[in-house]
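A.B. asks: Next up, run03.cif (mmCIF, C-alpha atoms).
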```cif
data_target
#
loop_
_atom_site.label_atom_id
_atom_site.label_comp_id
_atom_site.auth_asym_id
_atom_site.auth_seq_id
_atom_site.Cartn_x
_atom_site.Cartn_y
_atom_site.Cartn_z
CA MET A 1 12.88 5.37 -9.31
CA SER A 2 13.23 9.06 -10.12
CA THR A 3 10.12 8.98 -12.33
CA LEU A 4 7.96 6.66 -10.21
CA ARG A 5 5.11 9.11 -9.71
CA ALA A 6 1.68 8.29 -8.33
CA MET A 7 -0.29 8.05 -11.57
CA ARG A 8 -4.03 8.31 -10.83
CA ARG A 9 -5.48 9.09 -14.26
CA LEU A 10 -5.91 5.73 -15.97
CA LYS A 11 -7.25 4.67 -19.33
CA PRO A 12 -10.09 2.12 -19.14
CA ASP A 13 -8.21 -0.27 -21.45
CA PRO A 14 -7.65 -3.68 -19.83
CA VAL A 15 -4.24 -4.79 -18.63
CA PRO A 16 -3.34 -8.31 -19.83
CA ASP A 17 -3.29 -10.97 -17.13
CA GLU A 18 0.27 -11.81 -18.11
CA LEU A 19 1.44 -8.33 -17.11
CA LEU A 20 -0.50 -8.39 -13.85
CA GLU A 21 1.10 -11.71 -13.01
CA ARG A 22 4.51 -10.17 -13.72
CA LEU A 23 3.72 -7.41 -11.22
CA VAL A 24 2.79 -9.93 -8.55
CA GLN A 25 5.88 -11.98 -9.37
CA ALA A 26 8.01 -8.88 -8.76
CA ALA A 27 6.25 -8.42 -5.42
CA VAL A 28 6.87 -12.04 -4.44
CA TRP A 29 10.59 -11.52 -5.01
CA GLY A 30 10.59 -8.98 -2.17
CA PRO A 31 11.94 -9.96 1.24
CA SER A 32 9.67 -11.45 3.89
CA GLY A 33 10.32 -11.62 7.63
CA SER A 34 11.74 -15.03 8.58
CA ASN A 35 11.13 -15.90 4.92
CA ALA A 36 7.61 -16.80 6.08
CA GLN A 37 6.06 -15.62 2.79
CA GLY A 38 2.62 -15.27 4.31
CA TYR A 39 1.37 -12.96 1.56
CA GLN A 40 -1.50 -13.27 -0.87
CA TYR A 41 -2.47 -10.78 -3.58
CA VAL A 42 -6.10 -10.14 -4.46
CA VAL A 43 -6.20 -9.03 -8.09
CA VAL A 44 -9.48 -7.46 -9.21
CA THR A 45 -10.25 -7.02 -12.92
CA ASP A 46 -13.96 -7.87 -13.08
CA ARG A 47 -15.89 -4.66 -13.79
CA ALA A 48 -18.86 -5.83 -11.70
CA VAL A 49 -16.61 -6.31 -8.68
CA MET A 50 -14.91 -2.97 -9.35
CA ALA A 51 -18.31 -1.30 -9.48
CA ARG A 52 -19.11 -2.70 -6.02
CA LEU A 53 -15.81 -1.34 -4.70
CA ALA A 54 -16.23 2.11 -6.24
CA PRO A 55 -18.61 3.47 -3.56
CA LEU A 56 -16.26 2.24 -0.82
CA TRP A 57 -13.35 3.96 -2.55
CA ALA A 58 -15.34 7.19 -2.82
CA ARG A 59 -16.25 7.13 0.88
CA CYS A 60 -12.62 6.61 1.88
CA VAL A 61 -11.38 9.37 -0.42
CA ASP A 62 -14.01 11.81 0.84
CA ALA A 63 -13.22 10.98 4.47
CA TYR A 64 -9.52 11.58 3.89
CA MET A 65 -10.01 14.79 1.93
CA ALA A 66 -12.29 16.14 4.67
CA THR A 67 -9.56 15.70 7.29
CA ALA A 68 -5.85 15.25 6.51
CA GLY A 69 -6.42 16.14 2.87
CA ARG A 70 -7.45 19.70 3.74
CA THR A 71 -3.88 20.72 4.54
CA VAL A 72 -1.19 21.38 1.98
CA PRO A 73 1.89 19.36 3.04
CA GLN A 74 4.76 21.46 4.30
CA GLY A 75 7.10 22.41 1.49
CA MET A 76 4.68 21.46 -1.28
CA ASP A 77 3.70 24.06 -3.86
CA PRO A 78 -0.02 24.88 -3.47
CA GLY A 79 -0.52 24.66 -7.22
CA ALA A 80 1.01 21.18 -7.30
CA TYR A 81 -1.20 20.19 -4.39
CA GLU A 82 -4.32 21.35 -6.22
CA ARG A 83 -3.30 19.30 -9.26
CA MET A 84 -2.84 16.28 -7.02
CA VAL A 85 -6.27 16.79 -5.46
CA ALA A 86 -7.81 17.07 -8.93
CA ALA A 87 -6.19 13.76 -9.88
CA ILE A 88 -7.48 12.14 -6.67
CA HIS A 89 -11.00 13.32 -7.48
CA HIS A 90 -10.67 12.09 -11.06
CA GLN A 91 -9.66 8.65 -9.79
CA ARG A 92 -12.56 8.65 -7.33
CA ASP A 93 -15.09 9.57 -10.00
CA HIS A 94 -13.78 7.02 -12.52
CA PHE A 95 -12.89 4.22 -10.14
CA ALA A 96 -15.45 1.78 -11.56
CA LYS A 97 -13.49 1.88 -14.84
CA THR A 98 -10.16 1.06 -13.17
CA PRO A 99 -8.59 -1.75 -15.25
CA ALA A 100 -7.06 -3.58 -12.30
CA LEU A 101 -6.76 -3.31 -8.55
CA ILE A 102 -4.19 -5.21 -6.51
CA ILE A 103 -4.60 -5.65 -2.75
CA PRO A 104 -1.58 -7.08 -0.90
CA CYS A 105 -2.59 -9.20 2.08
CA TYR A 106 -0.62 -10.92 4.80
CA ARG A 107 -1.27 -13.52 7.46
CA TYR A 108 1.75 -13.98 9.71
CA PRO A 109 2.24 -17.60 10.73
CA GLU A 110 1.39 -18.25 14.37
CA LEU A 111 4.49 -18.40 16.52
CA LYS A 112 4.78 -20.99 19.26
CA PRO A 113 7.85 -20.12 21.34
CA ASP A 114 8.69 -22.59 24.08
CA ALA A 115 9.43 -21.71 27.70
CA ALA A 116 13.17 -22.23 27.27
CA GLY A 117 13.25 -19.92 24.28
CA LEU A 118 11.34 -17.20 26.11
CA LYS A 119 13.75 -17.49 29.03
CA GLU A 120 16.75 -17.13 26.73
CA SER A 121 15.16 -14.14 24.99
CA ALA A 122 14.51 -12.40 28.31
CA ALA A 123 18.09 -13.05 29.38
CA ALA A 124 19.41 -11.54 26.16
CA LEU A 125 17.22 -8.43 26.36
CA GLY A 126 17.13 -7.86 30.09
CA VAL A 127 14.08 -7.55 32.35
CA ALA A 128 13.14 -3.95 31.55
CA ALA A 129 13.44 -4.39 27.78
CA SER A 130 11.51 -7.67 27.91
CA LEU A 131 8.62 -5.97 29.72
CA ARG A 132 8.62 -3.13 27.17
CA LEU A 133 8.61 -5.70 24.39
CA ALA A 134 5.61 -7.47 25.89
CA ARG A 135 3.66 -4.20 26.11
CA ARG A 136 4.48 -3.32 22.49
CA GLN A 137 3.90 -6.77 21.03
CA ARG A 138 0.86 -5.80 18.98
CA ARG A 139 2.66 -2.87 17.35
CA ILE A 140 5.75 -4.97 16.71
CA MET A 141 3.69 -7.69 15.04
CA SER A 142 2.01 -5.08 12.83
CA LEU A 143 5.41 -3.74 11.80
CA THR A 144 6.68 -7.26 11.19
CA GLU A 145 3.81 -7.94 8.81
CA ALA A 146 4.15 -4.56 7.11
CA SER A 147 7.88 -5.01 6.62
CA SER A 148 7.10 -8.31 4.91
CA VAL A 149 4.66 -6.63 2.51
CA TYR A 150 5.85 -3.16 1.54
CA PRO A 151 9.24 -4.12 0.03
CA GLY A 152 7.26 -6.36 -2.32
CA VAL A 153 4.82 -3.54 -3.02
CA GLN A 154 7.71 -1.29 -4.01
CA ASN A 155 8.95 -4.04 -6.34
CA LEU A 156 5.46 -4.14 -7.84
CA LEU A 157 5.38 -0.38 -8.40
CA LEU A 158 8.82 -0.40 -10.00
CA ALA A 159 7.84 -3.31 -12.24
CA ALA A 160 4.73 -1.39 -13.31
CA ARG A 161 6.86 1.63 -14.16
CA GLY A 162 9.21 -0.56 -16.18
CA LEU A 163 6.26 -1.93 -18.16
CA GLY A 164 4.84 1.53 -18.79
CA LEU A 165 1.91 0.95 -16.45
CA ALA A 166 0.56 3.56 -14.07
CA ALA A 167 -0.01 2.66 -10.43
CA ASN A 168 -0.27 4.29 -7.04
CA ILE A 169 -0.28 2.93 -3.52
CA THR A 170 -2.98 3.95 -1.07
CA ILE A 171 -4.05 2.72 2.35
CA TRP A 172 -7.25 4.76 2.57
CA HIS A 173 -9.27 1.56 2.25
CA LEU A 174 -8.26 0.77 5.85
CA MET A 175 -10.87 3.28 7.02
CA LEU A 176 -13.46 0.76 5.79
CA GLU A 177 -11.34 -2.39 5.84
CA ARG A 178 -14.16 -4.62 7.08
CA GLU A 179 -16.39 -3.52 4.20
CA TRP A 180 -13.59 -4.09 1.67
CA LYS A 181 -12.92 -7.54 3.09
CA ASP A 182 -16.61 -8.42 2.93
CA ALA A 183 -16.83 -7.25 -0.69
CA LEU A 184 -13.84 -9.40 -1.64
CA ALA A 185 -14.48 -12.36 0.71
CA ILE A 186 -11.11 -11.81 2.40
CA PRO A 187 -10.95 -13.77 5.68
CA ARG A 188 -11.19 -11.70 8.86
CA ASP A 189 -7.84 -12.93 10.16
CA VAL A 190 -6.01 -11.75 7.02
CA LYS A 191 -4.77 -8.16 7.07
CA THR A 192 -4.77 -5.92 4.01
CA PHE A 193 -1.96 -3.45 3.51
CA ALA A 194 -2.75 -1.42 0.39
CA ALA A 195 -5.10 -0.89 -2.51
CA ILE A 196 -3.14 -0.34 -5.72
CA PRO A 197 -5.02 0.75 -8.87
CA VAL A 198 -3.15 -0.26 -12.04
CA GLY A 199 -3.69 0.70 -15.66
CA TRP A 200 -2.31 2.45 -18.70
CA PRO A 201 -1.56 6.11 -17.93
CA CYS A 202 -3.46 8.99 -19.47
CA GLY A 203 -0.52 11.34 -18.87
CA ARG A 204 3.23 11.08 -18.94
CA PHE A 205 5.64 9.88 -16.34
CA GLY A 206 7.73 12.71 -15.00
CA PRO A 207 10.36 13.38 -12.38
CA VAL A 208 9.31 13.10 -8.75
CA SER A 209 9.66 16.14 -6.52
CA ARG A 210 11.43 15.31 -3.29
CA ARG A 211 13.47 17.02 -0.59
CA PRO A 212 17.22 17.25 -1.27
CA VAL A 213 19.10 14.32 0.18
CA GLU A 214 21.38 16.51 2.28
CA SER A 215 18.33 17.72 4.21
CA VAL A 216 17.36 14.24 5.39
CA ILE A 217 20.69 12.67 6.34
CA ARG A 218 21.78 12.69 9.99
CA ARG A 219 25.19 11.11 10.34
CA ASP A 220 26.20 8.88 13.26
CA GLY A 221 23.05 9.74 15.23
CA TRP A 222 20.11 12.12 15.20
#
```
Please lay out the structure from this file as structure tokens.

C.D. replies:
Amino acid sequence: MSTLRAMRRLKPDPVPDELLERLVQAAVWGPSGSNAQGYQYVVVTDRAVMARLAPLWARCVDAYMATAGRTVPQGMDPGAYERMVAAIHHQRDHFAKTPALIIPCYRYPELKPDAAGLKESAAALGVAASLRLARRQRRIMSLTEASSVYPGVQNLLLAARGLGLAANITIWHLMLEREWKDALAIPRDVKTFAAIPVGWPCGRFGPVSRRPVESVIRRDGW
């Protein structure tokens, strides 16, 4: 965990299918809300498909770097930020040679609560909380799906690190999600949650740089 860096400079050498399946297996072992297991993983290794995705990747990267990417994150060394930007540009410019790309998807099973169940739920929460819940239902469903995907994604990233593979998680593709779905024939009612390039690293794994733990703990309340 302490050396799980975002590794964006990848060798073009292929990653064996066996190892990619081990990464997805690690993801499947992650928890899923209600144990619904509504995930699917699109694994791209075909260079022709990757070449079709490369322009979409470039557009998303450029859009991000023109907005949020212009600002150095608070507390980050400017030199380190410039090195990160250089790696992002390298990945953009060499994306067509990415050995593998994994896209976690999720379709939450349709819920069909009955009237009695809704009445019991409202009684448990109270009227005010039930109304707030109804107004926030879309956000809550999005979080429910995400919480069923990202623990598995973290498993995947850790498995990649254990196998000596480089990987990094991005969600920039969501800026053009419809185009990505069309390129990969992903159904419209299936949501995508990340685009994870995977390959053998050009550089070395190193320690991550994070805030000290005592600066992020708030005990017994905010």

A.B. asks: With only C-alpha atoms as the counted atoms, please give the residues lying no more than 10 Å from stretch 92-99 of chain A, apart from itself and same-chain residues fewer than 2 positions off, as a PyMOL selection string.

C.D. replies: chain A and resi 8-16+44-62+86-90+101+197-200

A.B. asks: Evaluating the PyMOL selection byres ((chain A and resi 159) around 10) on the displayed file yields which residues, as an mmCIF file with C-alpha atoms, keeping the file's coordinate frame?

C.D. replies:
```cif
data_model
loop_
_atom_site.group_PDB
_atom_site.id
_atom_site.type_symbol
_atom_site.label_atom_id
_atom_site.label_comp_id
_atom_site.auth_asym_id
_atom_site.auth_seq_id
_atom_site.Cartn_x
_atom_site.Cartn_y
_atom_site.Cartn_z
ATOM 1 C CA LEU A 19 1.440 -8.330 -17.110
ATOM 2 C CA LEU A 20 -0.500 -8.390 -13.850
ATOM 3 C CA ARG A 22 4.510 -10.170 -13.720
ATOM 4 C CA LEU A 23 3.720 -7.410 -11.220
ATOM 5 C CA VAL A 24 2.790 -9.930 -8.550
ATOM 6 C CA GLN A 25 5.880 -11.980 -9.370
ATOM 7 C CA ALA A 26 8.010 -8.880 -8.760
ATOM 8 C CA ALA A 27 6.250 -8.420 -5.420
ATOM 9 C CA VAL A 153 4.820 -3.540 -3.020
ATOM 10 C CA GLN A 154 7.710 -1.290 -4.010
ATOM 11 C CA ASN A 155 8.950 -4.040 -6.340
ATOM 12 C CA LEU A 156 5.460 -4.140 -7.840
ATOM 13 C CA LEU A 157 5.380 -0.380 -8.400
ATOM 14 C CA LEU A 158 8.820 -0.400 -10.000
ATOM 15 C CA ALA A 160 4.730 -1.390 -13.310
ATOM 16 C CA ARG A 161 6.860 1.630 -14.160
ATOM 17 C CA GLY A 162 9.210 -0.560 -16.180
ATOM 18 C CA LEU A 163 6.260 -1.930 -18.160
ATOM 19 C CA GLY A 164 4.840 1.530 -18.790
ATOM 20 C CA LEU A 165 1.910 0.950 -16.450
#
```

A.B. asks: For the atom pair atom CA of A:Thr144 and atom CA of A:His173, what is the interatomic distance in Å to one decimal place?

C.D. replies: 20.3 Å

A.B. asks: Give me, please, the distance in Å between atom CA of A:Glu120 and atom CA of A:Tyr106, quoted to one decimal.

C.D. replies: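 These atoms are spaced 28.7 Å apart.
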
A.B. asks: Figure out the distance between atom CA of A:Val42 and atom CA of A:Val28, please, to one decimal in Å.

C.D. replies: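 These atoms are spaced 13.1 Å apart.
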
A.B. asks: Under the rule that all atoms listed in the file are counted, which of A:Cys105, A:Leu143, A:Ala68, A:Ala80 is the nearest residue to A:Glu177?

C.D. replies: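 Using all atoms listed in the file, the shortest distance to A:Glu177 belongs to A:Cys105.
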
A.B. asks: For A:Ala36, please output as a PyMOL selection string all residues within 12 Å (counting only C-alpha atoms; exclusion window: fewer than 5 positions along the same chain).

C.D. replies: chain A and resi 28+30-31+106-111+144-145+147-149

A.B. asks: Check what the PyMOL selection byres ((chain A and resi 188) around 12) selects in the file above and give those residues as a ChimeraX atom specification.

C.D. replies: /A:105-107,177-187,189-192

A.B. asks: Can you write just those residues out, C-alpha atoms, as a short mmCIF file (atom, residue, chain, number, x, y, z; two decimals), keeping the file's coordinate frame?

C.D. replies:
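As a result, result_3.cif now contains:
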```cif
data_model
loop_
_atom_site.label_atom_id
_atom_site.label_comp_id
_atom_site.auth_asym_id
_atom_site.auth_seq_id
_atom_site.Cartn_x
_atom_site.Cartn_y
_atom_site.Cartn_z
CA CYS A 105 -2.59 -9.20 2.08
CA TYR A 106 -0.62 -10.92 4.80
CA ARG A 107 -1.27 -13.52 7.46
CA GLU A 177 -11.34 -2.39 5.84
CA ARG A 178 -14.16 -4.62 7.08
CA GLU A 179 -16.39 -3.52 4.20
CA TRP A 180 -13.59 -4.09 1.67
CA LYS A 181 -12.92 -7.54 3.09
CA ASP A 182 -16.61 -8.42 2.93
CA ALA A 183 -16.83 -7.25 -0.69
CA LEU A 184 -13.84 -9.40 -1.64
CA ALA A 185 -14.48 -12.36 0.71
CA ILE A 186 -11.11 -11.81 2.40
CA PRO A 187 -10.95 -13.77 5.68
CA ASP A 189 -7.84 -12.93 10.16
CA VAL A 190 -6.01 -11.75 7.02
CA LYS A 191 -4.77 -8.16 7.07
CA THR A 192 -4.77 -5.92 4.01
#
```

A.B. asks: Let me make sure I understand: among A:Ala63, A:Tyr150, A:Met76, A:Ala115, which one has the smallest atom-to-atom distance to A:Leu176 if we use only C-alpha atoms?

C.D. replies: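 Smallest distance to A:Leu176 is found for A:Ala63.
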
A.B. asks: Taking (11.5, 9.5, -8.5) as a centre in this file's frame and 8 Å as the limit, can you find every polymer residue with an atom that close, using only C-alpha atoms, and give them as an MDAnalysis selection string?

C.D. replies: chainID A and resid 1:5 207:210

A.B. asks: Return as number ranges by chain the set of residues that the PyMOL selection byres ((chain A and resi 169) around 8) yields on the displayed structure.

C.D. replies: A: 6, 167-168, 170-171, 194-197

A.B. asks: Between A:Gly152, A:Met175, A:Cys202, A:Arg138, which one has atoms that come closest to A:Gln37, using all atoms listed in the file?

C.D. replies: A:Gly152
